[in-house]
file my_file30.cif (mmCIF, C-alpha atoms)
data_work
#
loop_
_atom_site.label_atom_id
_atom_site.label_comp_id
_atom_site.auth_asym_id
_atom_site.auth_seq_id
_atom_site.Cartn_x
_atom_site.Cartn_y
_atom_site.Cartn_z
CA MET A 1 46.83 68.71 87.81
CA VAL A 2 46.40 71.25 85.00
CA LEU A 3 43.33 73.48 85.18
CA GLU A 4 42.61 74.16 81.55
CA ALA A 5 39.94 75.04 78.99
CA THR A 6 40.56 73.37 75.64
CA VAL A 7 38.93 73.75 72.23
CA LEU A 8 39.35 70.87 69.77
CA ILE A 9 39.10 71.79 66.07
CA ILE A 10 38.16 68.99 63.66
CA ASP A 11 39.05 69.08 59.96
CA ASN A 12 35.90 67.63 58.36
CA SER A 13 36.68 68.77 54.85
CA GLU A 14 36.39 66.53 51.79
CA TRP A 15 40.03 65.60 52.26
CA ALA A 16 39.03 63.75 55.43
CA ARG A 17 37.36 61.01 53.36
CA ASN A 18 40.72 59.47 52.48
CA GLY A 19 41.39 56.07 53.99
CA ASP A 20 45.17 56.31 54.32
CA TYR A 21 44.67 56.45 58.10
CA THR A 22 42.74 53.80 60.04
CA PRO A 23 39.81 53.73 59.39
CA SER A 24 39.72 57.13 57.65
CA ARG A 25 41.06 60.60 58.29
CA TYR A 26 37.70 61.79 59.57
CA GLN A 27 36.96 58.84 61.85
CA ALA A 28 40.52 58.90 63.20
CA GLN A 29 39.90 62.50 64.29
CA ILE A 30 36.62 61.57 66.00
CA ASP A 31 38.37 58.80 67.97
CA SER A 32 41.13 61.24 68.95
CA VAL A 33 38.56 63.81 70.11
CA HIS A 34 36.97 61.21 72.40
CA TYR A 35 40.39 60.32 73.79
CA LEU A 36 41.47 63.92 74.40
CA PHE A 37 38.11 64.81 76.00
CA SER A 38 38.36 61.88 78.41
CA ILE A 39 42.00 62.42 79.40
CA LYS A 40 41.55 66.15 80.01
CA THR A 41 38.37 65.83 82.05
CA ASN A 42 39.81 62.94 84.06
CA ASP A 43 42.95 64.92 84.82
CA ASN A 44 40.94 67.65 86.55
CA PRO A 45 37.18 67.61 87.17
CA GLU A 46 37.07 71.36 86.53
CA ASN A 47 38.62 71.11 83.06
CA THR A 48 36.30 71.92 80.16
CA VAL A 49 36.46 70.99 76.48
CA GLY A 50 34.76 72.44 73.41
CA VAL A 51 34.63 71.23 69.79
CA ILE A 52 34.60 73.17 66.50
CA ALA A 53 34.22 71.84 62.94
CA ASN A 54 36.27 74.03 60.58
CA ALA A 55 34.94 72.92 57.16
CA GLY A 56 31.93 74.06 55.16
CA ASP A 57 30.77 77.61 54.50
CA SER A 58 32.15 78.71 57.88
CA PRO A 59 33.46 77.03 61.04
CA GLU A 60 30.76 75.77 63.40
CA VAL A 61 30.87 75.46 67.17
CA LEU A 62 29.54 71.96 67.83
CA VAL A 63 30.13 71.79 71.59
CA SER A 64 30.62 74.74 73.91
CA LEU A 65 33.02 74.38 76.83
CA THR A 66 31.81 71.46 78.98
CA ASN A 67 32.95 68.44 80.94
CA ASP A 68 29.82 66.39 80.20
CA LEU A 69 30.43 63.44 77.87
CA GLY A 70 26.76 63.34 76.88
CA VAL A 71 26.95 66.90 75.57
CA LEU A 72 30.01 65.95 73.52
CA LEU A 73 28.30 62.92 71.97
CA LYS A 74 25.21 64.98 71.17
CA GLY A 75 27.29 67.68 69.48
CA LEU A 76 29.24 65.23 67.34
CA HIS A 77 26.10 63.36 66.28
CA GLY A 78 25.17 64.15 62.70
CA LEU A 79 28.52 65.77 61.84
CA GLY A 80 29.58 64.92 58.31
CA VAL A 81 32.28 65.57 55.74
CA ARG A 82 31.75 68.67 53.61
CA GLY A 83 33.44 71.61 51.91
CA GLU A 84 36.89 73.03 52.42
CA SER A 85 38.88 73.68 55.59
CA ASN A 86 39.07 77.17 57.13
CA PHE A 87 42.21 76.78 59.20
CA ASP A 88 42.91 80.34 60.36
CA THR A 89 39.25 81.36 60.77
CA SER A 90 38.49 78.36 63.01
CA ILE A 91 41.42 79.29 65.27
CA GLN A 92 40.10 82.83 65.68
CA ILE A 93 36.65 81.52 66.59
CA ALA A 94 38.22 79.10 69.09
CA GLN A 95 40.05 82.02 70.66
CA LEU A 96 36.72 83.81 71.16
CA VAL A 97 35.22 80.70 72.76
CA LEU A 98 38.11 80.55 75.24
CA LYS A 99 37.85 84.24 75.96
CA HIS A 100 34.25 83.79 77.16
CA ARG A 101 34.98 80.81 79.41
CA VAL A 102 33.21 80.87 82.78
CA ASN A 103 36.24 80.06 84.92
CA LYS A 104 38.86 82.71 84.15
CA VAL A 105 41.45 80.82 86.19
CA GLN A 106 41.60 78.11 83.53
CA LYS A 107 44.50 78.18 81.12
CA GLN A 108 43.63 78.39 77.43
CA ARG A 109 44.54 75.80 74.81
CA ILE A 110 43.58 74.96 71.23
CA VAL A 111 44.18 71.58 69.61
CA ILE A 112 43.65 71.64 65.85
CA PHE A 113 43.71 68.75 63.37
CA SER A 114 45.03 69.47 59.90
CA ALA A 115 44.08 66.77 57.35
CA SER A 116 43.94 68.99 54.25
CA PRO A 117 46.19 71.61 52.61
CA VAL A 118 46.34 74.91 54.52
CA ASP A 119 45.33 77.80 52.24
CA ALA A 120 46.68 80.60 54.45
CA ASP A 121 50.22 81.73 53.73
CA GLU A 122 53.06 81.49 56.23
CA LYS A 123 53.09 85.23 56.99
CA THR A 124 49.42 85.18 58.00
CA LEU A 125 49.93 82.16 60.19
CA VAL A 126 52.94 83.70 61.94
CA LYS A 127 50.92 86.85 62.67
CA LEU A 128 48.09 84.68 64.07
CA GLY A 129 50.56 82.76 66.21
CA LYS A 130 51.93 85.95 67.74
CA LYS A 131 48.39 87.04 68.57
CA LEU A 132 47.75 83.75 70.36
CA LYS A 133 50.97 84.13 72.32
CA LYS A 134 50.02 87.65 73.35
CA ASN A 135 46.63 86.48 74.63
CA GLY A 136 48.13 83.54 76.53
CA VAL A 137 46.63 80.83 74.31
CA SER A 138 48.66 77.67 73.72
CA ILE A 139 48.31 75.80 70.44
CA ASP A 140 48.82 72.14 69.55
CA VAL A 141 48.73 71.10 65.88
CA VAL A 142 48.20 67.54 64.70
CA ASN A 143 49.62 67.55 61.17
CA PHE A 144 48.60 64.45 59.24
CA GLY A 145 47.21 63.62 55.81
CA GLU A 146 48.83 66.39 53.78
CA HIS A 147 51.66 66.60 56.29
CA THR A 148 54.45 67.18 53.75
CA ALA A 149 52.85 70.22 52.14
CA ASN A 150 51.81 71.82 55.45
CA GLU A 151 54.81 71.08 57.66
CA GLN A 152 56.81 74.25 56.96
CA LYS A 153 53.85 76.60 57.44
CA LEU A 154 52.57 74.88 60.56
CA THR A 155 56.02 74.72 62.13
CA ALA A 156 56.47 78.48 61.70
CA PHE A 157 52.98 79.05 63.12
CA VAL A 158 53.67 76.96 66.25
CA GLU A 159 57.05 78.59 66.81
CA ALA A 160 55.43 82.03 66.69
CA ALA A 161 52.77 80.97 69.23
CA ASN A 162 55.07 79.02 71.51
CA ASN A 163 55.69 80.42 74.98
CA ASN A 164 57.92 78.44 77.37
CA ASP A 165 57.42 75.26 75.34
CA THR A 166 53.64 75.20 75.82
CA SER A 167 52.81 74.77 72.12
CA HIS A 168 53.59 71.71 69.99
CA ILE A 169 53.29 70.32 66.51
CA VAL A 170 53.01 66.58 65.90
CA THR A 171 53.49 65.28 62.36
CA ILE A 172 52.03 61.81 61.83
CA PRO A 173 52.67 60.09 58.47
CA PRO A 174 50.33 57.37 57.18
CA GLY A 175 50.83 53.84 58.48
CA PRO A 176 49.24 50.92 60.28
CA HIS A 177 49.14 52.88 63.53
CA VAL A 178 46.08 54.52 65.08
CA LEU A 179 46.01 58.31 65.21
CA SER A 180 44.89 58.49 68.86
CA GLU A 181 47.79 56.22 69.91
CA GLN A 182 50.28 58.52 68.18
CA ILE A 183 48.77 61.50 69.98
CA ARG A 184 49.01 59.61 73.27
CA ALA A 185 52.74 59.09 72.63
CA SER A 186 53.31 62.76 71.75
CA PRO A 187 54.17 65.84 73.85
CA ILE A 188 50.57 67.02 73.40
CA VAL A 189 49.60 64.52 76.08
CA GLY A 190 52.84 63.30 77.64
CA GLU A 191 54.43 66.46 78.98
CA ARG A 192 51.34 67.73 80.78
CA PHE A 193 49.64 64.57 81.97
CA GLY A 194 52.38 62.62 83.77
CA GLY A 195 54.06 61.14 80.68
CA ASN A 196 57.51 61.57 79.22
CA GLY A 197 56.66 62.35 75.64
CA GLY A 198 56.60 58.64 74.85
CA GLY A 199 53.16 57.90 76.28
CA ASP A 200 51.19 58.65 79.41
CA ASP A 201 51.26 56.70 82.64
CA ASN A 202 48.09 54.83 81.77
CA ASP A 203 49.64 53.12 78.76
CA PHE A 204 50.88 49.71 79.86
CA GLY A 205 52.74 49.01 76.62
CA PHE A 206 49.89 46.80 75.35
CA GLY A 207 48.16 49.49 73.28
CA VAL A 208 45.30 49.69 75.79
CA ASP A 209 43.58 52.93 76.70
CA PRO A 210 42.26 52.66 80.28
CA ASP A 211 39.75 55.41 79.55
CA ILE A 212 38.17 53.34 76.78
CA ASP A 213 38.42 49.87 78.37
CA PRO A 214 38.96 50.29 82.15
CA GLU A 215 38.24 46.62 82.94
CA LEU A 216 40.96 45.38 80.60
CA ALA A 217 43.36 48.02 81.92
CA MET A 218 42.66 46.88 85.50
CA ALA A 219 43.24 43.24 84.56
CA LEU A 220 46.55 44.17 82.93
CA ARG A 221 47.59 46.19 85.98
CA MET A 222 46.81 43.29 88.33
CA SER A 223 48.67 40.88 86.07
CA MET A 224 51.73 43.13 86.05
CA GLN A 225 51.62 43.46 89.85
CA GLU A 226 51.42 39.67 90.26
CA GLU A 227 54.36 39.19 87.89
CA GLU A 228 56.43 41.77 89.78
CA GLU A 229 55.61 40.03 93.07
CA ARG A 230 56.64 36.66 91.62
CA GLN A 231 59.93 38.12 90.39
CA ARG A 232 60.60 39.59 93.84
CA ARG A 233 59.98 36.22 95.49
CA GLU A 234 62.31 34.48 93.05
CA ALA A 235 65.00 37.11 93.65
CA ALA A 236 64.66 36.68 97.43
CA ALA A 237 64.88 32.89 97.09
CA THR A 238 67.94 33.18 94.87
CA GLN A 239 69.59 35.55 97.31
CA GLN A 240 68.83 33.22 100.22
CA ALA A 241 70.22 30.25 98.31
CA SER A 242 73.39 32.18 97.49
CA GLY A 243 73.70 33.07 101.21
CA GLY A 244 73.39 29.37 102.13
CA ASN A 245 76.08 28.51 99.64
CA GLY A 246 78.28 31.18 101.19
CA GLY A 247 77.80 29.60 104.65
CA GLN A 248 78.61 26.19 103.22
CA GLN A 249 81.73 27.60 101.64
CA GLN A 250 82.72 29.07 105.01
CA GLN A 251 82.21 25.68 106.62
CA GLU A 252 84.30 24.07 103.92
CA GLY A 253 86.94 26.71 104.50
CA GLY A 254 86.90 25.85 108.22
CA ALA A 255 87.21 22.15 107.39
CA ASN A 256 90.12 22.93 105.12
CA ALA A 257 91.68 24.92 107.93
CA GLY A 258 91.12 21.93 110.21
CA GLY A 259 92.75 19.75 107.59
CA GLY A 260 95.67 22.14 107.60
CA ASN A 261 95.92 21.75 111.38
CA GLY A 262 95.81 18.01 110.91
CA GLY A 263 98.72 18.35 108.50
CA ALA A 264 100.56 20.31 111.15
CA ASP A 265 99.89 17.49 113.63
CA ASN A 266 101.31 15.03 111.10
CA ASP A 267 104.41 17.14 110.83
CA MET A 268 104.73 17.03 114.62
CA GLU A 269 104.43 13.27 114.54
CA MET A 270 107.19 13.10 111.95
CA ASP A 271 109.39 15.01 114.37
CA LEU A 272 109.05 12.22 116.99
CA ASP A 273 111.81 9.68 117.25
CA GLU A 274 111.47 6.32 115.53
CA ASP A 275 111.11 4.34 118.77
CA GLU A 276 108.07 6.39 119.81
CA GLN A 277 106.48 5.87 116.42
CA ILE A 278 107.06 2.14 116.64
CA ARG A 279 105.56 2.01 120.12
CA ARG A 280 102.43 3.82 118.98
CA ALA A 281 102.05 1.56 115.97
CA ILE A 282 102.29 -1.53 118.18
CA GLN A 283 99.70 -0.19 120.61
CA MET A 284 97.29 0.53 117.76
CA SER A 285 97.76 -2.95 116.31
CA LEU A 286 97.15 -4.60 119.70
CA MET A 287 93.97 -2.59 120.24
CA GLU A 288 92.63 -3.57 116.83
CA SER A 289 93.59 -7.20 117.43
CA GLY A 290 91.70 -7.19 120.75
CA GLN A 291 88.59 -5.75 119.06
CA ASP A 292 88.72 -8.43 116.39
CA ASP A 293 88.96 -11.14 119.10
CA GLY A 294 85.95 -9.77 120.99
CA ASN A 295 83.79 -9.48 117.86
CA SER A 296 84.62 -12.94 116.50
CA GLY A 297 83.48 -14.91 119.62
CA ALA A 298 85.25 -18.00 118.19
CA GLY A 299 87.80 -20.42 119.72
CA ASN A 300 91.56 -20.39 119.70
CA ASP A 301 91.67 -20.88 115.94
CA GLY A 302 89.71 -17.70 115.43
CA ALA A 303 91.92 -15.90 117.95
CA SER A 304 95.09 -17.07 116.27
CA GLY A 305 93.66 -15.99 112.94
CA SER A 306 92.96 -12.56 114.42
CA ASN A 307 96.52 -12.43 115.81
CA GLY A 308 97.80 -13.29 112.38
CA ASN A 309 95.78 -10.47 110.89
CA GLY A 310 97.10 -8.17 113.62
CA ASP A 311 100.70 -9.14 112.80
CA ASP A 312 100.11 -8.37 109.17
CA LEU A 313 98.61 -4.99 110.09
CA VAL A 314 101.58 -4.17 112.32
CA ALA A 315 103.98 -5.10 109.54
CA SER A 316 102.11 -2.92 107.04
CA LEU A 317 102.02 0.05 109.45
CA ILE A 318 105.72 -0.26 110.22
CA GLY A 319 106.53 -0.54 106.56
CA SER A 320 104.63 2.71 105.85
CA LEU A 321 106.68 4.68 108.40
CA PRO A 322 109.38 6.83 106.82
CA GLY A 323 112.96 5.89 107.69
CA VAL A 324 112.02 2.57 109.36
CA ASP A 325 113.44 -0.74 108.17
CA PRO A 326 110.97 -3.60 108.89
CA ASN A 327 113.85 -6.11 108.72
CA ASP A 328 115.85 -4.40 111.48
CA PRO A 329 116.85 -7.15 114.05
CA ALA A 330 116.14 -4.83 117.00
CA LEU A 331 112.66 -4.15 115.62
CA GLN A 332 112.07 -7.87 115.10
CA ASP A 333 113.07 -8.57 118.74
CA VAL A 334 110.57 -5.97 119.98
CA LEU A 335 107.82 -7.39 117.84
CA GLY A 336 108.63 -10.94 118.92
CA SER A 337 108.66 -10.06 122.59
CA GLU A 338 105.21 -8.46 122.61
CA PRO A 339 103.24 -11.66 121.78
CA ALA A 340 105.40 -13.69 124.20
CA ASN A 341 104.73 -11.26 127.04
CA LYS A 342 101.06 -11.32 126.20
CA ASN A 343 100.99 -15.17 126.26
CA LYS A 344 102.78 -15.23 129.63
CA GLN A 345 100.30 -12.76 131.04
CA ASP A 346 97.39 -14.83 129.76
CA SER A 347 98.85 -18.04 131.29
CA LYS A 348 99.34 -16.31 134.63
CA ASP A 349 95.77 -15.08 134.60
CA LYS A 350 94.57 -18.59 133.77
CA ASN A 351 96.65 -20.24 136.51
CA GLY A 352 95.49 -17.69 139.01
CA GLY A 353 91.90 -18.47 138.12
CA ASP A 354 92.47 -22.25 138.56
CA ASP A 355 94.12 -21.74 141.97
CA LYS A 356 91.11 -19.78 143.11
CA ASP A 357 88.80 -22.54 141.97
CA ASN A 358 90.83 -25.23 143.78
CA SER A 359 90.89 -23.24 147.00
CA LYS A 360 87.11 -23.03 146.91
#

call {"tool": "encode", "arguments": {"input": "my_file30.cif", "output": "structure tokens"}}
result
Amino acid sequence: MVLEATVLIIDNSEWARNGDYTPSRYQAQIDSVHYLFSIKTNDNPENTVGVIANAGDSPEVLVSLTNDLGVLLKGLHGLGVRGESNFDTSIQIAQLVLKHRVNKVQKQRIVIFSASPVDADEKTLVKLGKKLKKNGVSIDVVNFGEHTANEQKLTAFVEAANNNDTSHIVTIPPGPHVLSEQIRASPIVGERFGGNGGGDDNDFGFGVDPDIDPELAMALRMSMQEEEERQRREAAATQQASGGNGGQQQQEGGANAGGGNGGADNDMEMDLDEDEQIRRAIQMSLMESGQDDGNSGAGNDGASGSNGNGDDLVASLIGSLPGVDPNDPALQDVLGSEPANKNKQDSKDKNGGDDKDNSK
């Protein structure tokens, strides 16, 4: 935090009546004074701010160095627009005010508003700037209103007073913007109060000054925190979903690998001789035929129908085998012998059952 004594110089000359700045040049300066007083005193409780009006017969010290907002409001009450601006004289008086500050540890700074033409020549201003630099006083100039006519003089003045980039000039042309917002976005505030020259940390990007409306600033901060939390939850859910998809892809890859192993098993089966393949096909057909007979629960007609379906299945399986001729006589003999052997076995089982019954 910067420990600093600051004197704000207001240009309340007749030129400040113009309404090319919102709401007028004079009122825009008053709003900016309130903003600068609040940001400097909030930055460090030991910071002090004074106010000088530079127009009229001679510059007038409205508020001596203080950190009391009530004293500031009392000093600004009744201030009006009058006379011509005394740019260089008001700076010399401000330097005397800073010289007699109570806390000598405080750094010295002057912030002056220029809303009217500067009568002093460039040589005089450069000499004044060198004097400020020698006495360790930093200067910030807000050049607006007659900014085109004053820019060259004021730039030379600031360059003469600048020491390690502690002095600045901000030129603000007319427009729909507010003067205090342009000052907030300038190096006058940004470089020394946690900003980056594009606004201080308290500006949320909504044009809200937390020093003026703290409740709205708090609501905006809470809303931003909730939105950030929601975005983090969505990102975590998306990441988790992508991880699940990766696991599913791994499982699919394993299944594909299993399918590849199955293909290898098929290749091994192709390497078997034709007789072995035929034998396996017949066994499969007989097993399926037996299951059909058990499920049907019908008489001989249903069984014969199942056998017929089994024969058709065997024929289709044999026909699908590569290199096998279904019409081969040897194959037909094997197929014909299987049902006959099965019938003989069934008749034997039946006769054996009748003999047992007769013996009983």

call {"tool": "residues_around", "arguments": {"input": "my_file30.cif", "residues": "range 116-125 of chain A", "least_positions_apart": "2", "cutoff": "8 Å", "atoms": "only C-alpha atoms", "output": "compact mmCIF listing (two decimals) with C-alpha atoms, in the frame of the given file"}}
result
# COMPACT_ATOMS: atom_id res chain seq x y z
CA ASP A 11 39.05 69.08 59.96
CA SER A 13 36.68 68.77 54.85
CA TRP A 15 40.03 65.60 52.26
CA ALA A 16 39.03 63.75 55.43
CA SER A 85 38.88 73.68 55.59
CA ASN A 86 39.07 77.17 57.13
CA PHE A 87 42.21 76.78 59.20
CA ASP A 88 42.91 80.34 60.36
CA SER A 114 45.03 69.47 59.90
CA LYS A 127 50.92 86.85 62.67
CA LEU A 128 48.09 84.68 64.07
CA GLY A 129 50.56 82.76 66.21
CA GLY A 145 47.21 63.62 55.81
CA GLU A 146 48.83 66.39 53.78
CA ALA A 149 52.85 70.22 52.14
CA ASN A 150 51.81 71.82 55.45
CA LYS A 153 53.85 76.60 57.44
CA LEU A 154 52.57 74.88 60.56
CA ALA A 156 56.47 78.48 61.70
CA PHE A 157 52.98 79.05 63.12

call {"tool": "closest_residue", "arguments": {"input": "my_file30.cif", "among": "A:Ala241, A:Ala281, A:Leu8, A:Ala115", "to": "Ile172 in chain A", "atoms": "all atoms listed in the file"}}
result
A:Ala115

call {"tool": "closest_residue", "arguments": {"input": "my_file30.cif", "among": "A:Met218, A:Ala185, A:His147, A:Lys130", "to": "Ala160 in chain A", "atoms": "only C-alpha atoms"}}
result
A:Lys130

call {"tool": "atom_distance", "arguments": {"input": "my_file30.cif", "atom1": "CA of Asp328 in chain A", "atom2": "CA of Ala315 in chain A"}}
result
12.0 Å

call {"tool": "atom_distance", "arguments": {"input": "my_file30.cif", "atom1": "CA of Ile10 in chain A", "atom2": "CA of Ile188 in chain A"}}
result
15.9 Å

call {"tool": "resolve_selection", "arguments": {"input": "my_file30.cif", "expression": "the PyMOL selection byres ((chain A and resi 20) around 10)", "output": "list of chain:residue names"}}
result
A:Ala16, A:Arg17, A:Asn18, A:Gly19, A:Tyr21, A:Thr22, A:Pro23, A:Ser24, A:Arg25, A:Gly145, A:Pro173, A:Pro174, A:Gly175, A:Pro176

call {"tool": "resolve_selection", "arguments": {"input": "my_file30.cif", "expression": "the PyMOL selection byres ((chain A and resi 38) around 10)", "output": "number ranges by chain"}}
result
A: 32-37, 39-43, 49, 67-69, 211-212

call {"tool": "axis_aligned_box", "arguments": {"input": "my_file30.cif", "around": "range 159-173 of chain A", "padding_each_side": "4 Å", "output": "lines of an AutoDock Vina configuration file"}}
result
center_x = 55.0
center_y = 71.1
center_z = 67.9
size_x = 13.9
size_y = 29.9
size_z = 26.9

call {"tool": "resolve_selection", "arguments": {"input": "my_file30.cif", "expression": "the PyMOL selection byres ((chain A and resi 142) around 6)", "output": "PDB file with C-alpha atoms, in the frame of the given file"}}
result
ATOM      1  CA  PHE A 113      43.710  68.750  63.370  1.00  0.00           C
ATOM      2  CA  VAL A 141      48.730  71.100  65.880  1.00  0.00           C
ATOM      3  CA  ASN A 143      49.620  67.550  61.170  1.00  0.00           C
ATOM      4  CA  VAL A 170      53.010  66.580  65.900  1.00  0.00           C
TER       5      VAL A 170
END

call {"tool": "atom_distance", "arguments": {"input": "my_file30.cif", "atom1": "CA of Val2 in chain A", "atom2": "CA of Glu46 in chain A"}}
result
9.5 Å

call {"tool": "closest_residue", "arguments": {"input": "my_file30.cif", "among": "A:Ile183, A:Ile93, A:Val126, A:Ala55", "to": "Gly80 in chain A", "atoms": "all atoms listed in the file"}}
result
A:Ala55

call {"tool": "closest_residue", "arguments": {"input": "my_file30.cif", "among": "A:Leu65, A:Met224, A:Glu4, A:Arg230", "to": "Gly136 in chain A", "atoms": "all atoms listed in the file"}}
result
A:Glu4
